[in-house]
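Everything below concerns the one structure shown next.
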Amino acid sequence: MDFSIKSGHPEKQRSACIIVGVFEPRRLSAAAEQLDAVSQSYLSNIIRRGDIEGKSGQTLLLHNVPNTLCDRVLLIGCGKEREFNEAAYCQALATAARTVNENGAMDAVNFLPELPVKGREVYWKVRQAVETTESALYLFDELKTDKDKTRRPLRKMILSVPSRRDLSRAEQALKEGAGIATGVAVARRLGNLPPNICTPSYLAEQAVDLGKSSDKLTVKVLEQSDMEELGMGSLLSVAKGSRQPPKLICMEYRGADKDSKPYVFVGKGITFDSGGISIKPSPAMDEMKFDMCGAASVIGLMHTVVELQLPLNVVVIVPTCENMPDGLAVKPGDIVTSMSGQTIEILNTDAEGRLILCDALTYSERFNPETVVDVATLTGACVIALGNHATGLLGNHRGLTHDLLSAGKSSGDRAWELPLWDDYQEQLKSNFADMANVGGREAGTITAACFLSRFTKKLHWAHLDIAGTAWKSGNEKGATGRPVPLMTQFLLDKVK
Ligand code: BES
Ligand code: MN
Ligand code: ZN
C-alpha cells in the first residue's frame, strides 16, 4: 500500500473514497459534520432514516454526496464516543480497510486518524493506521490455485491529520508503521508456510537473501558439523530424529559503531514439532508448523531494522530444526551435554524448544550483547495462563523486563510478566544429570524459563513466550506476526 499524509478539509479531497467515522447513536464525527454542512445535511438526513446506527463494525457507502469532490463517502461505525478506546480505533481502521478494498475504490482519504483516542497522540494514531490497514489486507494465497483477486484493490491511502503542525510527526509515524508492517508480513508468511516448504534450510535461505539486500547486514549459517565443534549437544539432540539438517542462523546488523554493544534476539525455529518420541496427540498437530514463529518474528524484525536503517547494532540468532520420532531420535532418559558444559536429562522429548534455545543463548555470549531476548512458542501452559492476548515475559534483569513491558504497552502488542523466582528451580532437579528438561505440570511456563535462566547467568536476558499470541486457531487460523511490533518498539525506544 502506498500511504501518505495530508491535512485538509474532507469536502475538498479529490478521491475515490473519503472515510469518516460515525458514533453511536447516529452521531457524526467532526469530518462527517463538515461533509454534512457542505452537502445541505445529506449525511444527517440519511442517518436519521436509520441506515447506520454507528455501532462498531457497521458501514455505509454513499455515492455522489453533493458539493464534494470525491466519488464515495464511506461511513464507519465507531461505537459510543465515550468508549472509543485503542481497540475500538483499531477495529474501525480494519473495517474501513476491508470495506474500501472491496468496493472498487483504488484510492482513499482516511479521516479516522483525526478521531480522539484517549491518551494517544497523532504519532500513535497514524502508526496504528498504517499497521492495522496493512494487517487487515494481508492475504496468504501463494499456495492456492485460484487467488482471491479483488477486482479493483485499494492501492493508495492518504491519512488525514487535524493540523499542519502534525505533519512531521505523522510522516515519522508513517515510516515506522510501514517498517513494522513489513516485518509483521514477513513473520506471518513464514509462519503460514507449510512445514514441508518452510524447513530449517528454507529459513536459512530467507535469511541469506535478506543479507544480500543490505551492506549493513552479514548473515552466516552454521551447519551441523560447526555445531558439533562448538559442543551444542543439546540443540543437536533435538535434530537427531529428522531427515532435515539443523541450522544455526546468525544475522548481524551494524547500524552503529563497532564498540556499541548489540541487542540480540534469539528465535525458536522448530519448523515442525511432532513431540518426537514423546509424540503429541494428533488433533491440531498441523498447528505445530507454527512452532517456528519465534524464528519468523526475529527474521521479520530484521527486515524492519533494515528498512528503517536503525542506528543500532542488532543481532538475530535462529536455532532451527525439526522435532521428529525416528530410530535415531533422542529418547526419554537420554542425557546430553550442552555447549555450556551442563548436562541435561531429557525426560520428555516434547520439551525441545528449551533444548535448542539453551545452546543458542550460550552462543549469544560471544557477541558481548547489551541485552538478549529470546522469543519462543515454548509452552502450552502459557496459553492456559494468559490466553491469546498477552505474551508471557520472564527475565533476570529489571531494566530489561521493564523496557519490554513498556514497549508492549505503547505498541499495542502487550506482554505480561510472570515471576522467575528461585523457588521454582527445584522442579528441574534430576537424579542423573545437572538438570531435567521438564519440571512437571505446575507452573510450566515458569519452569521452562527457569531452565533457560541456567544458561543466561552472564547476560541481561529476557524470554518472551509467544505460544498464545503467535498464531490464531479456528476459522481465522494463521500467524499474527507478533511480537514484531513489541520488539521494534523496544529498539525504537533505544534510539530515542
Ligand atoms: N511447541 C510446544 C508448545 C506449544 C504447545 C505451543 C501448544 C503452543 C501450543 C512445546 O515444544 C511443547 O511441546 N511444550 C510442552 C512442554 C512440556 C512437555 C513440559 C507443553 O507445553 O506441553
Ligand atoms: Mn514440543
Ligand atoms: Zn515446540
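The way I read the labels, and the way they are meant: chains A, B, ... in the order of the C-alpha cells, residue 1 as the first residue of every chain, and ligand 1 as the first ligand shown, with later ones counted on from there.
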
Point to revise | Protein and nucleic acid residues within 6 Å of ligand 2 (only C-alpha atoms and all ligand atoms) as a list in words | key: Asp273, Gly275, Asp350, Ala351 and Glu352 of chain A

Writing out the chosen residues with C-alpha atoms as an mmCIF file, in the first residue's frame:
data_model
loop_
_atom_site.group_PDB
_atom_site.id
_atom_site.type_symbol
_atom_site.label_atom_id
_atom_site.label_comp_id
_atom_site.auth_asym_id
_atom_site.auth_seq_id
_atom_site.Cartn_x
_atom_site.Cartn_y
_atom_site.Cartn_z
ATOM 1 C CA ASP A 273 7.078 -30.153 16.458
ATOM 2 C CA GLY A 275 6.789 -34.059 20.038
ATOM 3 C CA ASP A 350 8.401 -32.681 23.537
ATOM 4 C CA ALA A 351 10.124 -30.074 25.717
ATOM 5 C CA GLU A 352 12.508 -29.468 22.811
#

Point to revise | Ile76 of chain A environment, 12 Å, only C-alpha atoms, sequence neighbours closer than 2 positions dropped, as a ChimeraX atom specification | key: /A:18-24,26-29,31-32,51-62,73-74,78-79,88-100,110-112,115

Practice item. Please provide as a ChimeraX atom specification all residues within 12 Å of Leu491 of chain A, with the sequence filter that same-chain residues fewer than 3 positions apart are discarded (counting only C-alpha atoms). Key: /A:176,180,255,262-265,301-302,304-305,308-315,370-371,373,400,403-404,406-408,411,484-488,494-496

Check your understanding: If you count only C-alpha atoms, which residues fall within 6 Å of Leu452 of chain A, apart from same-chain ones fewer than 3 positions away, as JSON, numbers by chain?
Key -> {"A": [358, 449, 455]}

Exercise for review: From a DSSP calculation on the backbone, collect every residue of segment 301-486 of chain A in strand (DSSP E) and output the set as number ranges by chain.
Suggested key: A: 313-323, 335-337, 343-345, 371-376, 391-395, 415-417, 435-436, 461-465, 471-472, 478-479

**Study point:** DSSP-assigned helix (DSSP H, G or I) members of segment 126-358 of chain A, reported as an MDAnalysis selection string
**Key:** chainID A and resid 126:137 164:192 200:212 224:230 233:239 285:308 353:358

**Study point:** Counting only C-alpha atoms, the option among A:Ala390, A:Leu159, A:Met232, A:Ala295 closest to Tyr202 of chain A
**Key:**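 Among A:Ala390, A:Leu159, A:Met232, A:Ala295, it is A:Ala295 that comes nearest to Tyr202 of chain A.
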
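Shortest atom-to-atom contact with Gly179 of chain A among A:Thr337, A:Ser278, A:Gln244, A:Gln128: A:Gln128, counting only C-alpha atoms.
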
Point to revise | Residues near Ser338 of chain A, cut-off 12 Å, only C-alpha atoms, skip fewer than 5 positions along chain, as number ranges by chain | key: A: 227-228, 230-238, 343-346, 354-363, 433-435, 437, 452, 454-455

Please save N, CA and C atoms of the selected residues as an mmCIF file, in the first residue's frame.
data_model
loop_
_atom_site.group_PDB
_atom_site.id
_atom_site.type_symbol
_atom_site.label_atom_id
_atom_site.label_comp_id
_atom_site.auth_asym_id
_atom_site.auth_seq_id
_atom_site.Cartn_x
_atom_site.Cartn_y
_atom_site.Cartn_z
ATOM 1 N N MET A 227 28.232 -26.963 14.537
ATOM 2 C CA MET A 227 27.609 -27.037 15.867
ATOM 3 C C MET A 227 28.230 -28.160 16.693
ATOM 4 N N GLU A 228 28.615 -29.241 16.012
ATOM 5 C CA GLU A 228 29.305 -30.326 16.724
ATOM 6 C C GLU A 228 30.608 -29.806 17.315
ATOM 7 N N LEU A 230 31.289 -26.827 18.191
ATOM 8 C CA LEU A 230 31.014 -25.913 19.305
ATOM 9 C C LEU A 230 30.488 -26.656 20.535
ATOM 10 N N GLY A 231 30.183 -27.935 20.377
ATOM 11 C CA GLY A 231 29.690 -28.721 21.506
ATOM 12 C C GLY A 231 28.225 -28.497 21.818
ATOM 13 N N MET A 232 27.423 -28.193 20.797
ATOM 14 C CA MET A 232 25.996 -27.936 21.018
ATOM 15 C C MET A 232 25.202 -29.241 21.096
ATOM 16 N N GLY A 233 25.531 -30.053 22.086
ATOM 17 C CA GLY A 233 24.914 -31.379 22.196
ATOM 18 C C GLY A 233 23.423 -31.330 22.484
ATOM 19 N N SER A 234 22.969 -30.262 23.091
ATOM 20 C CA SER A 234 21.549 -30.151 23.419
ATOM 21 C C SER A 234 20.742 -29.847 22.157
ATOM 22 N N LEU A 235 21.153 -28.822 21.435
ATOM 23 C CA LEU A 235 20.469 -28.482 20.183
ATOM 24 C C LEU A 235 20.461 -29.678 19.226
ATOM 25 N N LEU A 236 21.638 -30.302 19.070
ATOM 26 C CA LEU A 236 21.751 -31.380 18.080
ATOM 27 C C LEU A 236 20.923 -32.602 18.463
ATOM 28 N N SER A 237 20.688 -32.809 19.747
ATOM 29 C CA SER A 237 19.897 -33.980 20.154
ATOM 30 C C SER A 237 18.475 -33.880 19.616
ATOM 31 N N VAL A 238 17.943 -32.669 19.513
ATOM 32 C CA VAL A 238 16.573 -32.492 19.019
ATOM 33 C C VAL A 238 16.494 -32.846 17.534
ATOM 34 N N THR A 343 24.961 -30.756 31.960
ATOM 35 C CA THR A 343 24.296 -31.935 31.390
ATOM 36 C C THR A 343 22.786 -31.870 31.639
ATOM 37 N N ILE A 344 22.037 -32.453 30.707
ATOM 38 C CA ILE A 344 20.566 -32.375 30.755
ATOM 39 C C ILE A 344 19.986 -33.774 30.555
ATOM 40 N N GLU A 345 19.126 -34.189 31.480
ATOM 41 C CA GLU A 345 18.394 -35.444 31.296
ATOM 42 C C GLU A 345 17.088 -35.115 30.567
ATOM 43 N N ILE A 346 16.922 -35.696 29.384
ATOM 44 C CA ILE A 346 15.724 -35.407 28.598
ATOM 45 C C ILE A 346 14.618 -36.374 29.028
ATOM 46 N N ARG A 354 13.361 -25.489 24.647
ATOM 47 C CA ARG A 354 14.408 -25.058 25.586
ATOM 48 C C ARG A 354 15.743 -25.713 25.263
ATOM 49 N N LEU A 355 15.680 -26.919 24.657
ATOM 50 C CA LEU A 355 16.930 -27.637 24.348
ATOM 51 C C LEU A 355 17.694 -26.982 23.193
ATOM 52 N N ILE A 356 16.965 -26.405 22.259
ATOM 53 C CA ILE A 356 17.690 -25.710 21.169
ATOM 54 C C ILE A 356 18.035 -24.283 21.600
ATOM 55 N N LEU A 357 17.159 -23.679 22.424
ATOM 56 C CA LEU A 357 17.416 -22.294 22.846
ATOM 57 C C LEU A 357 18.624 -22.189 23.762
ATOM 58 N N CYS A 358 18.819 -23.192 24.648
ATOM 59 C CA CYS A 358 19.906 -23.041 25.637
ATOM 60 C C CYS A 358 21.254 -22.940 24.947
ATOM 61 N N ASP A 359 21.471 -23.726 23.899
ATOM 62 C CA ASP A 359 22.758 -23.634 23.198
ATOM 63 C C ASP A 359 22.866 -22.332 22.400
ATOM 64 N N ALA A 360 21.764 -21.896 21.825
ATOM 65 C CA ALA A 360 21.790 -20.614 21.093
ATOM 66 C C ALA A 360 22.066 -19.459 22.065
ATOM 67 N N LEU A 361 21.517 -19.541 23.278
ATOM 68 C CA LEU A 361 21.752 -18.486 24.277
ATOM 69 C C LEU A 361 23.217 -18.473 24.709
ATOM 70 N N THR A 362 23.788 -19.654 24.927
ATOM 71 C CA THR A 362 25.219 -19.716 25.266
ATOM 72 C C THR A 362 26.046 -19.115 24.131
ATOM 73 N N TYR A 363 25.663 -19.456 22.913
ATOM 74 C CA TYR A 363 26.375 -18.930 21.732
ATOM 75 C C TYR A 363 26.305 -17.401 21.677
ATOM 76 N N ALA A 433 21.511 -36.175 36.107
ATOM 77 C CA ALA A 433 22.237 -35.130 35.359
ATOM 78 C C ALA A 433 22.136 -33.806 36.119
ATOM 79 N N ASP A 434 22.722 -32.744 35.568
ATOM 80 C CA ASP A 434 22.683 -31.432 36.249
ATOM 81 C C ASP A 434 21.255 -30.916 36.364
ATOM 82 N N MET A 435 20.436 -31.266 35.393
ATOM 83 C CA MET A 435 19.033 -30.827 35.438
ATOM 84 C C MET A 435 18.194 -31.709 34.518
ATOM 85 N N ASN A 437 14.887 -31.721 31.720
ATOM 86 C CA ASN A 437 14.372 -30.713 30.771
ATOM 87 C C ASN A 437 12.913 -30.371 31.018
ATOM 88 N N LEU A 452 15.948 -22.044 31.043
ATOM 89 C CA LEU A 452 16.749 -21.132 30.217
ATOM 90 C C LEU A 452 17.643 -20.238 31.078
ATOM 91 N N ARG A 454 19.327 -20.885 33.517
ATOM 92 C CA ARG A 454 20.595 -21.539 33.889
ATOM 93 C C ARG A 454 21.667 -21.370 32.817
ATOM 94 N N PHE A 455 21.265 -20.834 31.673
ATOM 95 C CA PHE A 455 22.212 -20.640 30.565
ATOM 96 C C PHE A 455 22.448 -19.164 30.273
#

Point to revise | Distance filter 12 Å around ligand 3, atoms: only C-alpha atoms and all ligand atoms, out as an MDAnalysis selection string | key: chainID A and resid 238 267:276 278:280 285 287:294 320:324 348:357 376:380 448 465:467

For those residues, write N, CA and C atoms to a file as a short mmCIF file (atom, residue, chain, number, x, y, z; two decimals), in the first residue's frame.
data_model
loop_
_atom_site.label_atom_id
_atom_site.label_comp_id
_atom_site.auth_asym_id
_atom_site.auth_seq_id
_atom_site.Cartn_x
_atom_site.Cartn_y
_atom_site.Cartn_z
N VAL A 238 17.94 -32.67 19.51
CA VAL A 238 16.57 -32.49 19.02
C VAL A 238 16.49 -32.85 17.53
N GLY A 267 15.41 -16.58 18.21
CA GLY A 267 14.05 -17.07 17.92
C GLY A 267 14.00 -18.58 17.76
N LYS A 268 13.08 -19.21 18.47
CA LYS A 268 12.91 -20.66 18.36
C LYS A 268 12.42 -21.03 16.95
N GLY A 269 13.16 -21.91 16.30
CA GLY A 269 12.81 -22.28 14.92
C GLY A 269 12.56 -23.76 14.74
N ILE A 270 11.63 -24.31 15.51
CA ILE A 270 11.23 -25.70 15.28
C ILE A 270 10.22 -25.67 14.12
N THR A 271 10.63 -26.14 12.95
CA THR A 271 9.76 -25.99 11.77
C THR A 271 8.61 -27.00 11.79
N PHE A 272 8.73 -28.05 12.57
CA PHE A 272 7.58 -28.88 12.91
C PHE A 272 7.87 -29.61 14.22
N ASP A 273 6.91 -29.52 15.15
CA ASP A 273 7.08 -30.15 16.46
C ASP A 273 6.07 -31.29 16.61
N SER A 274 6.52 -32.50 16.27
CA SER A 274 5.64 -33.67 16.45
C SER A 274 5.65 -34.14 17.90
N GLY A 275 6.57 -33.58 18.67
CA GLY A 275 6.79 -34.06 20.04
C GLY A 275 7.97 -35.02 20.11
N GLY A 276 8.33 -35.60 18.96
CA GLY A 276 9.40 -36.60 18.97
C GLY A 276 8.89 -37.92 19.54
N SER A 278 8.22 -38.65 22.55
CA SER A 278 7.09 -38.28 23.42
C SER A 278 6.04 -37.62 22.53
N ILE A 279 5.51 -38.41 21.61
CA ILE A 279 4.73 -37.84 20.49
C ILE A 279 3.44 -37.15 20.96
N LYS A 280 3.06 -36.12 20.26
CA LYS A 280 1.85 -35.36 20.60
C LYS A 280 0.61 -36.10 20.12
N MET A 285 -2.43 -31.26 15.32
CA MET A 285 -0.97 -31.33 15.25
C MET A 285 -0.41 -30.48 14.11
N GLU A 287 -0.93 -27.56 13.60
CA GLU A 287 -0.57 -26.23 14.11
C GLU A 287 0.86 -26.17 14.63
N MET A 288 1.48 -27.32 14.77
CA MET A 288 2.88 -27.31 15.21
C MET A 288 3.84 -26.92 14.10
N LYS A 289 3.28 -26.60 12.90
CA LYS A 289 4.12 -25.90 11.91
C LYS A 289 4.43 -24.49 12.38
N PHE A 290 3.58 -23.96 13.29
CA PHE A 290 3.80 -22.60 13.81
C PHE A 290 4.88 -22.56 14.89
N ASP A 291 5.52 -23.71 15.15
CA ASP A 291 6.50 -23.73 16.24
C ASP A 291 7.81 -23.03 15.86
N MET A 292 7.81 -22.44 14.67
CA MET A 292 8.98 -21.62 14.27
C MET A 292 8.60 -20.13 14.25
N CYS A 293 7.49 -19.78 14.89
CA CYS A 293 7.06 -18.37 14.85
C CYS A 293 8.01 -17.44 15.60
N GLY A 294 8.73 -17.96 16.58
CA GLY A 294 9.75 -17.13 17.24
C GLY A 294 10.82 -16.75 16.22
N THR A 320 17.44 -23.73 14.43
CA THR A 320 16.29 -24.29 13.72
C THR A 320 16.50 -25.75 13.33
N CYS A 321 15.46 -26.56 13.60
CA CYS A 321 15.44 -27.97 13.20
C CYS A 321 14.01 -28.49 13.33
N GLU A 322 13.81 -29.76 12.96
CA GLU A 322 12.52 -30.41 13.18
C GLU A 322 12.60 -31.27 14.43
N ASN A 323 11.46 -31.48 15.09
CA ASN A 323 11.40 -32.43 16.21
C ASN A 323 10.55 -33.62 15.77
N MET A 324 11.22 -34.72 15.40
CA MET A 324 10.53 -35.88 14.82
C MET A 324 10.91 -37.18 15.53
N ASN A 348 11.34 -35.63 28.62
CA ASN A 348 10.23 -35.51 27.67
C ASN A 348 10.78 -34.87 26.40
N THR A 349 10.73 -35.62 25.30
CA THR A 349 11.32 -35.08 24.06
C THR A 349 10.47 -33.96 23.46
N ASP A 350 9.26 -33.76 24.02
CA ASP A 350 8.40 -32.68 23.54
C ASP A 350 8.77 -31.33 24.16
N ALA A 351 9.63 -31.35 25.19
CA ALA A 351 10.12 -30.07 25.72
C ALA A 351 11.44 -29.77 25.00
N GLU A 352 11.32 -29.59 23.67
CA GLU A 352 12.51 -29.47 22.81
C GLU A 352 12.94 -28.02 22.60
N GLY A 353 11.99 -27.08 22.76
CA GLY A 353 12.31 -25.68 22.49
C GLY A 353 13.46 -25.20 23.36
N ARG A 354 13.36 -25.49 24.65
CA ARG A 354 14.41 -25.06 25.59
C ARG A 354 15.74 -25.71 25.26
N LEU A 355 15.68 -26.92 24.66
CA LEU A 355 16.93 -27.64 24.35
C LEU A 355 17.69 -26.98 23.19
N ILE A 356 16.97 -26.40 22.26
CA ILE A 356 17.69 -25.71 21.17
C ILE A 356 18.04 -24.28 21.60
N LEU A 357 17.16 -23.68 22.42
CA LEU A 357 17.42 -22.29 22.85
C LEU A 357 18.62 -22.19 23.76
N ALA A 376 9.85 -17.41 21.78
CA ALA A 376 9.59 -18.82 21.53
C ALA A 376 8.14 -19.20 21.80
N THR A 377 7.61 -20.06 20.94
CA THR A 377 6.33 -20.71 21.21
C THR A 377 6.65 -21.87 22.16
N LEU A 378 6.90 -21.53 23.44
CA LEU A 378 7.58 -22.51 24.29
C LEU A 378 6.68 -23.46 25.06
N THR A 379 5.55 -22.92 25.60
CA THR A 379 4.75 -23.81 26.47
C THR A 379 3.25 -23.66 26.25
N GLY A 380 2.56 -24.80 26.21
CA GLY A 380 1.11 -24.80 26.20
C GLY A 380 0.58 -24.15 27.48
N ALA A 448 9.98 -23.62 32.46
CA ALA A 448 10.69 -23.55 31.17
C ALA A 448 11.67 -22.37 31.18
N ASP A 465 7.41 -15.74 25.85
CA ASP A 465 6.70 -16.96 25.47
C ASP A 465 5.48 -16.56 24.64
N ILE A 466 5.55 -16.84 23.34
CA ILE A 466 4.50 -16.39 22.40
C ILE A 466 3.58 -17.54 21.98
N ALA A 467 3.52 -18.61 22.81
CA ALA A 467 2.69 -19.77 22.44
C ALA A 467 1.23 -19.35 22.20
#

Point to revise | Nearest to ligand 1, chosen from A:Ile384, A:Ala207, A:Leu420, A:Ala185, with only C-alpha atoms and all ligand atoms counted in the distances | key: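 Ranking A:Ile384, A:Ala207, A:Leu420, A:Ala185 by distance to ligand 1, first place goes to A:Ile384.
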
**Study point:** Top pick for closest residue to Ser7 of chain A, considering A:Leu167, A:Leu248, A:Ile47, A:Val38 and counting only C-alpha atoms
**Key:** A:Leu167

**Study point:** Counting only C-alpha atoms, the residue of A:Asp374, A:Glu134, A:Glu426, A:Glu102 that sits nearest Ala178 of chain A
**Key:**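 Of the candidates, the smallest distance to Ala178 of chain A is held by A:Glu134.
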
Check your understanding: With distances taken over only C-alpha atoms, which of A:Val130, A:Ala30, A:Leu190, A:Met106 is nearest to Pro162 of chain A?
Key ->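 Checking each of A:Val130, A:Ala30, A:Leu190, A:Met106 against Pro162 of chain A, counting only C-alpha atoms, the winner is A:Ala30.
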
Practice item. Would you mind listing what lies within 9 Å of Lys156 of chain A as a PyMOL selection string, with only C-alpha atoms counted and same-chain residues fewer than 6 positions away left out? Key: chain A and resi 1-4+106-109

Review point. How many Å lie between atom CA of Asp36 of chain A and atom CA of Ser15 of chain A, rounded to one decimal?
Key: 17.3 Å

Point to revise | Residues near Ile299 of chain A, cut-off 8 Å, only C-alpha atoms, skip fewer than 5 positions along chain, as an NGL selection string | key: :A and (183 or 186-187 or 207 or 316)

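Interatomic distance, atom CA of Gly191 of chain A against atom CA of Val298 of chain A: 11.7 Å.
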